[in-house]
>>> print(open('upload.cif').read())   # mmCIF, C-alpha atoms
data_query
loop_
_atom_site.group_PDB
_atom_site.id
_atom_site.type_symbol
_atom_site.label_atom_id
_atom_site.label_comp_id
_atom_site.auth_asym_id
_atom_site.auth_seq_id
_atom_site.Cartn_x
_atom_site.Cartn_y
_atom_site.Cartn_z
ATOM 1 C CA MET A 1333 8.981 -35.914 -12.601
ATOM 2 C CA ASP A 1334 5.730 -36.418 -10.700
ATOM 3 C CA LEU A 1335 6.651 -33.368 -8.602
ATOM 4 C CA VAL A 1336 6.967 -31.232 -11.737
ATOM 5 C CA THR A 1337 3.573 -32.363 -13.033
ATOM 6 C CA ARG A 1338 1.914 -31.654 -9.693
ATOM 7 C CA TYR A 1339 3.640 -28.259 -9.420
ATOM 8 C CA ILE A 1340 2.505 -27.209 -12.900
ATOM 9 C CA ALA A 1341 -1.047 -28.374 -12.132
ATOM 10 C CA ALA A 1342 -1.005 -26.290 -8.940
ATOM 11 C CA VAL A 1343 0.116 -23.220 -10.883
ATOM 12 C CA GLN A 1344 -2.508 -23.834 -13.571
ATOM 13 C CA ARG A 1345 -5.284 -23.946 -10.958
ATOM 14 C CA GLU A 1346 -4.439 -20.342 -10.085
ATOM 15 C CA LEU A 1347 -4.622 -19.153 -13.708
ATOM 16 C CA PRO A 1348 -7.597 -18.121 -15.836
ATOM 17 C CA GLU A 1349 -8.882 -21.091 -17.809
ATOM 18 C CA ASN A 1350 -8.092 -19.600 -21.220
ATOM 19 C CA LYS A 1351 -4.376 -19.254 -20.367
ATOM 20 C CA ARG A 1352 -3.737 -22.478 -18.467
ATOM 21 C CA ASP A 1353 -2.447 -24.644 -21.309
ATOM 22 C CA GLU A 1354 -0.153 -22.044 -22.861
ATOM 23 C CA ILE A 1355 1.388 -20.962 -19.572
ATOM 24 C CA GLY A 1356 1.616 -24.592 -18.412
ATOM 25 C CA ARG A 1357 3.671 -25.508 -21.495
ATOM 26 C CA GLU A 1358 5.898 -22.455 -21.035
ATOM 27 C CA LEU A 1359 6.406 -23.191 -17.355
ATOM 28 C CA LYS A 1360 7.156 -26.859 -18.014
ATOM 29 C CA ALA A 1361 9.746 -25.898 -20.629
ATOM 30 C CA ASN A 1362 11.360 -23.491 -18.181
ATOM 31 C CA ILE A 1363 11.481 -26.081 -15.389
ATOM 32 C CA MET A 1364 12.802 -28.791 -17.698
ATOM 33 C CA ASP A 1365 15.561 -26.445 -18.914
ATOM 34 C CA GLN A 1366 16.599 -25.803 -15.329
ATOM 35 C CA LEU A 1367 16.509 -29.517 -14.507
ATOM 36 C CA ASP A 1368 18.503 -30.386 -17.659
ATOM 37 C CA SER A 1369 21.231 -27.882 -16.812
ATOM 38 C CA LEU A 1370 21.335 -29.189 -13.245
ATOM 39 C CA ALA A 1371 21.526 -32.770 -14.534
ATOM 40 C CA GLU A 1372 24.502 -31.831 -16.731
ATOM 41 C CA GLN A 1373 26.297 -30.510 -13.656
ATOM 42 C CA GLN A 1374 25.391 -33.253 -11.153
ATOM 43 C CA GLY A 1375 24.431 -36.243 -13.230
ATOM 44 C CA LYS A 1376 21.289 -38.095 -12.183
ATOM 45 C CA LEU A 1377 18.774 -35.956 -10.273
ATOM 46 C CA SER A 1378 17.036 -37.074 -7.114
ATOM 47 C CA GLU A 1379 13.566 -36.087 -5.947
ATOM 48 C CA ALA A 1380 15.222 -33.711 -3.460
ATOM 49 C CA ASP A 1381 17.041 -31.930 -6.311
ATOM 50 C CA ILE A 1382 13.790 -31.533 -8.239
ATOM 51 C CA ALA A 1383 12.032 -30.318 -5.094
ATOM 52 C CA ALA A 1384 14.823 -27.772 -4.511
ATOM 53 C CA VAL A 1385 14.404 -26.368 -8.039
ATOM 54 C CA LEU A 1386 10.635 -26.107 -7.564
ATOM 55 C CA LYS A 1387 11.056 -24.510 -4.152
ATOM 56 C CA GLN A 1388 13.420 -21.970 -5.680
ATOM 57 C CA MET A 1389 10.735 -21.049 -8.221
ATOM 58 C CA GLY A 1390 8.313 -20.161 -5.439
ATOM 59 C CA ARG A 1391 4.773 -20.952 -4.390
ATOM 60 C CA PRO A 1392 2.383 -21.840 -7.223
ATOM 61 C CA ARG A 1393 0.135 -18.837 -6.557
ATOM 62 C CA THR A 1394 3.121 -16.473 -6.691
ATOM 63 C CA VAL A 1395 4.315 -18.011 -9.951
ATOM 64 C CA ALA A 1396 0.824 -17.734 -11.438
ATOM 65 C CA GLN A 1397 0.641 -14.068 -10.478
ATOM 66 C CA GLN A 1398 3.884 -13.435 -12.369
ATOM 67 C CA PHE A 1399 2.179 -14.618 -15.538
ATOM 68 C CA VAL A 1400 -1.231 -13.045 -14.894
ATOM 69 C CA PRO A 1401 -1.144 -10.312 -12.244
ATOM 70 C CA PRO A 1402 -4.380 -9.758 -10.300
ATOM 71 C CA GLN A 1403 -6.550 -6.950 -11.654
ATOM 72 C CA PRO A 1404 -7.466 -4.094 -9.329
ATOM 73 C CA LEU A 1405 -11.116 -3.572 -8.529
ATOM 74 C CA ILE A 1406 -11.020 -0.094 -10.045
ATOM 75 C CA ARG A 1407 -8.843 0.781 -13.031
ATOM 76 C CA LEU A 1408 -5.878 2.950 -12.014
ATOM 77 C CA SER A 1409 -6.777 5.601 -14.575
ATOM 78 C CA TYR A 1410 -10.112 6.080 -12.754
ATOM 79 C CA MET A 1411 -8.554 6.270 -9.287
ATOM 80 C CA PRO A 1412 -8.178 10.091 -9.011
ATOM 81 C CA LEU A 1413 -11.787 10.612 -10.147
ATOM 82 C CA TYR A 1414 -12.957 7.821 -7.820
ATOM 83 C CA GLN A 1415 -11.239 9.381 -4.817
ATOM 84 C CA TYR A 1416 -12.514 12.864 -5.650
ATOM 85 C CA THR A 1417 -16.073 11.582 -6.101
ATOM 86 C CA LEU A 1418 -15.876 9.584 -2.890
ATOM 87 C CA PHE A 1419 -14.606 12.525 -0.834
ATOM 88 C CA MET A 1420 -17.167 14.916 -2.309
ATOM 89 C CA VAL A 1421 -20.142 12.585 -1.798
ATOM 90 C CA LEU A 1422 -19.082 11.619 1.724
ATOM 91 C CA GLY A 1423 -18.510 15.280 2.583
ATOM 92 C CA ILE A 1424 -21.961 16.246 1.314
ATOM 93 C CA LEU A 1425 -23.544 13.314 3.157
ATOM 94 C CA PHE A 1426 -21.818 14.397 6.367
ATOM 95 C CA LEU A 1427 -23.042 17.975 6.004
ATOM 96 C CA LEU A 1428 -26.590 16.804 5.314
ATOM 97 C CA GLN A 1429 -26.439 14.522 8.343
ATOM 98 C CA VAL A 1430 -25.188 17.378 10.541
ATOM 99 C CA VAL A 1431 -28.028 19.630 9.364
ATOM 100 C CA GLY A 1432 -30.679 16.929 9.799
ATOM 101 C CA THR A 1433 -29.462 15.838 13.216
ATOM 102 C CA THR A 1434 -29.105 19.450 14.400
ATOM 103 C CA VAL A 1435 -32.666 20.262 13.330
ATOM 104 C CA ASN A 1436 -33.807 17.136 15.195
ATOM 105 C CA TRP A 1437 -31.805 18.173 18.261
ATOM 106 C CA ILE A 1438 -33.181 21.708 18.300
ATOM 107 C CA SER A 1439 -36.787 20.583 17.853
ATOM 108 C CA SER A 1440 -36.530 17.837 20.484
ATOM 109 C CA SER A 1441 -36.594 18.664 24.171
ATOM 110 C CA ASP A 1442 -35.233 15.359 25.470
ATOM 111 C CA MET A 1443 -32.169 14.973 23.226
ATOM 112 C CA GLY A 1444 -28.892 15.652 25.021
ATOM 113 C CA LEU A 1445 -25.427 16.200 23.597
ATOM 114 C CA VAL A 1446 -24.431 12.520 23.848
ATOM 115 C CA ARG A 1447 -27.595 11.393 22.070
ATOM 116 C CA TYR A 1448 -27.000 14.067 19.416
ATOM 117 C CA LEU A 1449 -23.458 12.805 18.764
ATOM 118 C CA LEU A 1450 -24.589 9.162 18.659
ATOM 119 C CA SER A 1451 -27.409 10.032 16.266
ATOM 120 C CA LEU A 1452 -24.992 11.988 14.078
ATOM 121 C CA ALA A 1453 -22.428 9.164 14.013
ATOM 122 C CA SER A 1454 -24.912 6.356 13.372
ATOM 123 C CA GLY A 1455 -26.777 8.289 10.683
ATOM 124 C CA PHE A 1456 -23.589 9.255 8.877
ATOM 125 C CA LEU A 1457 -22.226 5.721 9.102
ATOM 126 C CA GLU A 1458 -25.349 4.307 7.427
ATOM 127 C CA ASP A 1459 -25.216 6.932 4.669
ATOM 128 C CA ALA A 1460 -21.453 6.558 4.219
ATOM 129 C CA ILE A 1461 -21.652 2.775 3.796
ATOM 130 C CA PHE A 1462 -24.382 3.109 1.181
ATOM 131 C CA GLY A 1463 -22.547 5.930 -0.615
ATOM 132 C CA PHE A 1464 -19.218 4.091 -0.593
ATOM 133 C CA ALA A 1465 -20.791 0.880 -1.889
ATOM 134 C CA SER A 1466 -22.716 2.698 -4.626
ATOM 135 C CA ILE A 1467 -19.739 4.722 -5.851
ATOM 136 C CA THR A 1468 -17.417 1.724 -5.754
ATOM 137 C CA ALA A 1469 -19.921 -0.407 -7.685
ATOM 138 C CA ALA A 1470 -20.340 2.303 -10.332
ATOM 139 C CA PHE A 1471 -16.587 2.688 -10.817
ATOM 140 C CA TRP A 1472 -16.134 -1.077 -10.832
ATOM 141 C CA LEU A 1473 -18.663 -1.344 -13.650
ATOM 142 C CA MET A 1474 -16.911 1.420 -15.563
ATOM 143 C CA SER A 1475 -13.564 -0.340 -15.050
ATOM 144 C CA ARG A 1476 -14.910 -3.606 -16.469
ATOM 145 C CA GLU A 1477 -15.646 -2.040 -19.845
ATOM 146 C CA SER A 1478 -12.743 -3.261 -21.950
ATOM 147 C CA SER A 1479 -13.276 -1.200 -25.070
ATOM 148 C CA GLY A 1480 -15.284 1.615 -26.514
ATOM 149 C CA ALA A 1481 -15.608 5.200 -25.366
ATOM 150 C CA SER A 1482 -14.469 4.591 -21.792
ATOM 151 C CA ALA A 1483 -11.108 3.175 -22.869
ATOM 152 C CA LYS A 1484 -10.490 6.140 -25.156
ATOM 153 C CA SER A 1485 -11.540 8.680 -22.549
ATOM 154 C CA CYS A 1486 -9.157 7.160 -20.003
ATOM 155 C CA GLY A 1487 -6.169 7.548 -22.291
ATOM 156 C CA THR A 1488 -5.470 3.856 -22.797
ATOM 157 C CA ASP A 1489 -5.707 4.188 -26.577
ATOM 158 C CA TRP A 1490 -3.513 7.284 -26.824
ATOM 159 C CA HIS A 1491 -0.698 7.546 -29.363
ATOM 160 C CA PRO A 1492 1.789 10.432 -29.596
ATOM 161 C CA GLU A 1493 1.119 10.728 -33.327
ATOM 162 C CA GLN A 1494 -2.532 11.594 -32.806
#
>>> encode(input="upload.cif", output="structure tokens")
Amino acid sequence: MDLVTRYIAAVQRELPENKRDEIGRELKANIMDQLDSLAEQQGKLSEADIAAVLKQMGRPRTVAQQFVPPQPLIRLSYMPLYQYTLFMVLGILFLLQVVGTTVNWISSSDMGLVRYLLSLASGFLEDAIFGFASITAAFWLMSRESSGASAKSCGTDWHPEQ
């Protein structure tokens, strides 16, 4: 039974602290039911039999994710707006970079085509990284709001009767 205790502890380490005890009890009951039914069929269980049952259940992290699936960085209801915003901002940043680099190229006498393309790529890359990080952080913050106006505007509190 030491294997069962260690297995449950490994699963609990992967769970949020507020759910560890409840899920640990539920998991232990499930494992003990499986072991009891196996003991009725075979008689006394060996450590190998217990290990086989635990192996059949899967890795502790996988079992923990069945109880508490990982949360996405950005709520799925925000994803279409996030993608649209990201494409629009990156498109505008690219156009601004093209205009700025072209003005620089025209006003400079020693800038060739290769230097123009490198300046365009490096400038856009800097702007794109900042824009992507800013937009992702803003949508992440909006996704973390659990209640209030944002939840209602996303349709999570919708009922057909309303």
>>> residues_near_point(input="upload.cif", point="(-11.0, 2.9, -13.8)", cutoff="9 Å", atoms="all atoms listed in the file", output="MDAnalysis selection string")
chainID A and resid 1405:1411 1413:1414 1471:1476 1482 1486
>>> closest_residue(input="upload.cif", among="A:Ala1342, A:Leu1335, A:Met1420, A:Ala1384", to="Gln1366 (chain A)", atoms="all atoms listed in the file")
A:Ala1384
>>> atom_distance(input="upload.cif", atom1="CA of Ala1341 (chain A)", atom2="CA of Gln1398 (chain A)")
15.7 Å
>>> resolve_selection(input="upload.cif", expression="the PyMOL selection byres ((chain A and resi 1453-1455) around 10)", output="NGL selection string")
:A and (1425-1426 or 1429-1430 or 1432-1433 or 1447-1452 or 1456-1460)
>>> atom_distance(input="upload.cif", atom1="CA of Arg1393 (chain A)", atom2="CA of Glu1346 (chain A)")
6.0 Å
>>> closest_residue(input="upload.cif", among="A:Phe1399, A:Gly1463, A:Ile1340, A:Arg1352", to="Ile1424 (chain A)", atoms="only C-alpha atoms")
A:Gly1463
>>> atom_distance(input="upload.cif", atom1="CA of Phe1464 (chain A)", atom2="CA of Leu1422 (chain A)")
7.9 Å
>>> closest_residue(input="upload.cif", among="A:Ile1467, A:Ala1380, A:Leu1386, A:Ala1361", to="Arg1338 (chain A)", atoms="all atoms listed in the file")
A:Leu1386
>>> residues_around(input="upload.cif", residues="Gly1356 (chain A)", least_positions_apart="3", cutoff="12 Å", atoms="only C-alpha atoms", output="MDAnalysis selection string")
chainID A and resid 1336:1353 1359:1364 1392 1395:1396 1399
>>> closest_residue(input="upload.cif", among="A:Ala1383, A:Leu1418, A:Val1400, A:Gln1388", to="Ala1469 (chain A)", atoms="all atoms listed in the file")
A:Leu1418
>>> residues_around(input="upload.cif", residues="Leu1377 (chain A)", least_positions_apart="4", cutoff="12 Å", atoms="all atoms listed in the file", output="list in words")
Met1333, Met1364, Gln1366, Leu1367, Asp1368, Ser1369, Leu1370, Ala1371, Glu1372, Gln1373, Asp1381, Ile1382, Ala1383, Ala1384 and Val1385 of chain A
>>> decode(input="upload.cif", residues="region 1364-1414 of chain A", atoms="N, CA and C atoms", output="mmCIF file, in the first residue's frame")
data_model
loop_
_atom_site.group_PDB
_atom_site.id
_atom_site.type_symbol
_atom_site.label_atom_id
_atom_site.label_comp_id
_atom_site.auth_asym_id
_atom_site.auth_seq_id
_atom_site.Cartn_x
_atom_site.Cartn_y
_atom_site.Cartn_z
ATOM 1 N N MET A 1364 -8.550 1.967 -4.421
ATOM 2 C CA MET A 1364 -8.852 0.880 -3.490
ATOM 3 C C MET A 1364 -9.972 -0.007 -4.029
ATOM 4 N N ASP A 1365 -10.953 0.586 -4.714
ATOM 5 C CA ASP A 1365 -12.010 -0.216 -5.340
ATOM 6 C C ASP A 1365 -11.430 -1.143 -6.398
ATOM 7 N N GLN A 1366 -10.521 -0.616 -7.196
ATOM 8 C CA GLN A 1366 -9.895 -1.453 -8.226
ATOM 9 C C GLN A 1366 -9.069 -2.570 -7.589
ATOM 10 N N LEU A 1367 -8.325 -2.235 -6.539
ATOM 11 C CA LEU A 1367 -7.502 -3.239 -5.869
ATOM 12 C C LEU A 1367 -8.375 -4.291 -5.168
ATOM 13 N N ASP A 1368 -9.497 -3.864 -4.583
ATOM 14 C CA ASP A 1368 -10.400 -4.818 -3.927
ATOM 15 C C ASP A 1368 -10.998 -5.791 -4.933
ATOM 16 N N SER A 1369 -11.422 -5.278 -6.089
ATOM 17 C CA SER A 1369 -11.990 -6.177 -7.098
ATOM 18 C C SER A 1369 -10.930 -7.123 -7.653
ATOM 19 N N LEU A 1370 -9.702 -6.636 -7.773
ATOM 20 C CA LEU A 1370 -8.613 -7.502 -8.232
ATOM 21 C C LEU A 1370 -8.271 -8.551 -7.175
ATOM 22 N N ALA A 1371 -8.346 -8.157 -5.903
ATOM 23 C CA ALA A 1371 -8.062 -9.099 -4.816
ATOM 24 C C ALA A 1371 -9.130 -10.180 -4.742
ATOM 25 N N GLU A 1372 -10.367 -9.854 -5.060
ATOM 26 C CA GLU A 1372 -11.437 -10.861 -5.085
ATOM 27 C C GLU A 1372 -11.189 -11.892 -6.172
ATOM 28 N N GLN A 1373 -10.611 -11.444 -7.289
ATOM 29 C CA GLN A 1373 -10.344 -12.352 -8.402
ATOM 30 C C GLN A 1373 -9.098 -13.198 -8.162
ATOM 31 N N GLN A 1374 -8.026 -12.586 -7.638
ATOM 32 C CA GLN A 1374 -6.738 -13.276 -7.536
ATOM 33 C C GLN A 1374 -6.380 -13.710 -6.131
ATOM 34 N N GLY A 1375 -7.022 -13.170 -5.149
ATOM 35 C CA GLY A 1375 -6.614 -13.460 -3.777
ATOM 36 C C GLY A 1375 -5.685 -12.366 -3.287
ATOM 37 N N LYS A 1376 -4.604 -12.749 -2.637
ATOM 38 C CA LYS A 1376 -3.660 -11.773 -2.095
ATOM 39 C C LYS A 1376 -2.917 -11.074 -3.230
ATOM 40 N N LEU A 1377 -2.776 -9.739 -3.094
ATOM 41 C CA LEU A 1377 -2.114 -8.936 -4.121
ATOM 42 C C LEU A 1377 -0.646 -8.726 -3.786
ATOM 43 N N SER A 1378 0.176 -8.789 -4.812
ATOM 44 C CA SER A 1378 1.599 -8.502 -4.635
ATOM 45 C C SER A 1378 1.869 -7.037 -5.009
ATOM 46 N N GLU A 1379 3.090 -6.605 -4.716
ATOM 47 C CA GLU A 1379 3.476 -5.237 -5.081
ATOM 48 C C GLU A 1379 3.420 -5.046 -6.597
ATOM 49 N N ALA A 1380 3.722 -6.096 -7.347
ATOM 50 C CA ALA A 1380 3.676 -6.014 -8.813
ATOM 51 C C ALA A 1380 2.243 -5.810 -9.295
ATOM 52 N N ASP A 1381 1.272 -6.443 -8.632
ATOM 53 C CA ASP A 1381 -0.134 -6.266 -9.006
ATOM 54 C C ASP A 1381 -0.574 -4.828 -8.742
ATOM 55 N N ILE A 1382 -0.169 -4.302 -7.590
ATOM 56 C CA ILE A 1382 -0.520 -2.918 -7.249
ATOM 57 C C ILE A 1382 0.140 -1.962 -8.236
ATOM 58 N N ALA A 1383 1.396 -2.227 -8.552
ATOM 59 C CA ALA A 1383 2.118 -1.384 -9.516
ATOM 60 C C ALA A 1383 1.457 -1.436 -10.883
ATOM 61 N N ALA A 1384 0.939 -2.602 -11.281
ATOM 62 C CA ALA A 1384 0.276 -2.732 -12.582
ATOM 63 C C ALA A 1384 -1.011 -1.904 -12.613
ATOM 64 N N VAL A 1385 -1.758 -1.896 -11.519
ATOM 65 C CA VAL A 1385 -2.986 -1.096 -11.455
ATOM 66 C C VAL A 1385 -2.643 0.384 -11.547
ATOM 67 N N LEU A 1386 -1.602 0.807 -10.830
ATOM 68 C CA LEU A 1386 -1.202 2.215 -10.859
ATOM 69 C C LEU A 1386 -0.662 2.616 -12.230
ATOM 70 N N LYS A 1387 0.058 1.704 -12.858
ATOM 71 C CA LYS A 1387 0.588 1.987 -14.192
ATOM 72 C C LYS A 1387 -0.548 2.127 -15.199
ATOM 73 N N GLN A 1388 -1.588 1.313 -15.007
ATOM 74 C CA GLN A 1388 -2.746 1.380 -15.892
ATOM 75 C C GLN A 1388 -3.466 2.727 -15.744
ATOM 76 N N MET A 1389 -3.437 3.287 -14.556
ATOM 77 C CA MET A 1389 -4.087 4.586 -14.334
ATOM 78 C C MET A 1389 -3.371 5.704 -15.082
ATOM 79 N N GLY A 1390 -2.068 5.603 -15.209
ATOM 80 C CA GLY A 1390 -1.316 6.610 -15.952
ATOM 81 C C GLY A 1390 -0.387 7.404 -15.056
ATOM 82 N N ARG A 1391 0.376 8.277 -15.688
ATOM 83 C CA ARG A 1391 1.313 9.134 -14.961
ATOM 84 C C ARG A 1391 0.553 10.068 -14.029
ATOM 85 N N PRO A 1392 1.135 10.413 -12.894
ATOM 86 C CA PRO A 1392 0.454 11.298 -11.944
ATOM 87 C C PRO A 1392 0.031 12.645 -12.543
ATOM 88 N N ARG A 1393 0.862 13.232 -13.371
ATOM 89 C CA ARG A 1393 0.511 14.523 -13.971
ATOM 90 C C ARG A 1393 -0.700 14.380 -14.894
ATOM 91 N N THR A 1394 -0.759 13.281 -15.647
ATOM 92 C CA THR A 1394 -1.894 13.048 -16.533
ATOM 93 C C THR A 1394 -3.173 12.846 -15.737
ATOM 94 N N VAL A 1395 -3.076 12.104 -14.646
ATOM 95 C CA VAL A 1395 -4.246 11.875 -13.793
ATOM 96 C C VAL A 1395 -4.704 13.191 -13.179
ATOM 97 N N ALA A 1396 -3.777 14.007 -12.730
ATOM 98 C CA ALA A 1396 -4.131 15.298 -12.137
ATOM 99 C C ALA A 1396 -4.817 16.196 -13.160
ATOM 100 N N GLN A 1397 -4.379 16.150 -14.393
ATOM 101 C CA GLN A 1397 -4.985 16.985 -15.426
ATOM 102 C C GLN A 1397 -6.391 16.523 -15.780
ATOM 103 N N GLN A 1398 -6.722 15.260 -15.504
ATOM 104 C CA GLN A 1398 -8.086 14.795 -15.718
ATOM 105 C C GLN A 1398 -9.025 15.433 -14.704
ATOM 106 N N PHE A 1399 -8.539 15.668 -13.507
ATOM 107 C CA PHE A 1399 -9.353 16.288 -12.475
ATOM 108 C C PHE A 1399 -9.406 17.803 -12.629
ATOM 109 N N VAL A 1400 -8.276 18.410 -12.938
ATOM 110 C CA VAL A 1400 -8.184 19.864 -13.076
ATOM 111 C C VAL A 1400 -7.405 20.150 -14.351
ATOM 112 N N PRO A 1401 -8.101 20.329 -15.480
ATOM 113 C CA PRO A 1401 -7.383 20.586 -16.727
ATOM 114 C C PRO A 1401 -6.657 21.931 -16.679
ATOM 115 N N PRO A 1402 -5.522 22.038 -17.359
ATOM 116 C CA PRO A 1402 -4.789 23.310 -17.368
ATOM 117 C C PRO A 1402 -5.613 24.399 -18.057
ATOM 118 N N GLN A 1403 -5.522 25.605 -17.545
ATOM 119 C CA GLN A 1403 -6.269 26.735 -18.083
ATOM 120 C C GLN A 1403 -5.456 27.394 -19.190
ATOM 121 N N PRO A 1404 -6.112 27.744 -20.296
ATOM 122 C CA PRO A 1404 -5.375 28.442 -21.351
ATOM 123 C C PRO A 1404 -4.991 29.844 -20.898
ATOM 124 N N LEU A 1405 -3.977 30.370 -21.512
ATOM 125 C CA LEU A 1405 -3.502 31.713 -21.178
ATOM 126 C C LEU A 1405 -4.583 32.750 -21.454
ATOM 127 N N ILE A 1406 -5.266 32.584 -22.564
ATOM 128 C CA ILE A 1406 -6.338 33.508 -22.950
ATOM 129 C C ILE A 1406 -7.625 32.716 -23.077
ATOM 130 N N ARG A 1407 -8.693 33.227 -22.461
ATOM 131 C CA ARG A 1407 -9.982 32.548 -22.479
ATOM 132 C C ARG A 1407 -10.426 32.321 -23.919
ATOM 133 N N LEU A 1408 -10.985 31.152 -24.205
ATOM 134 C CA LEU A 1408 -11.379 30.799 -25.564
ATOM 135 C C LEU A 1408 -12.414 31.755 -26.140
ATOM 136 N N SER A 1409 -13.256 32.314 -25.300
ATOM 137 C CA SER A 1409 -14.256 33.259 -25.813
ATOM 138 C C SER A 1409 -13.609 34.552 -26.314
ATOM 139 N N TYR A 1410 -12.409 34.869 -25.840
ATOM 140 C CA TYR A 1410 -11.685 36.056 -26.296
ATOM 141 C C TYR A 1410 -10.808 35.779 -27.519
ATOM 142 N N MET A 1411 -10.631 34.535 -27.887
ATOM 143 C CA MET A 1411 -9.666 34.178 -28.920
ATOM 144 C C MET A 1411 -9.928 34.851 -30.279
ATOM 145 N N PRO A 1412 -11.168 34.885 -30.793
ATOM 146 C CA PRO A 1412 -11.358 35.573 -32.084
ATOM 147 C C PRO A 1412 -10.988 37.063 -32.017
ATOM 148 N N LEU A 1413 -11.374 37.733 -30.941
ATOM 149 C CA LEU A 1413 -11.030 39.149 -30.784
ATOM 150 C C LEU A 1413 -9.523 39.324 -30.619
ATOM 151 N N TYR A 1414 -8.891 38.416 -29.893
ATOM 152 C CA TYR A 1414 -7.434 38.462 -29.703
ATOM 153 C C TYR A 1414 -6.716 38.336 -31.046
#
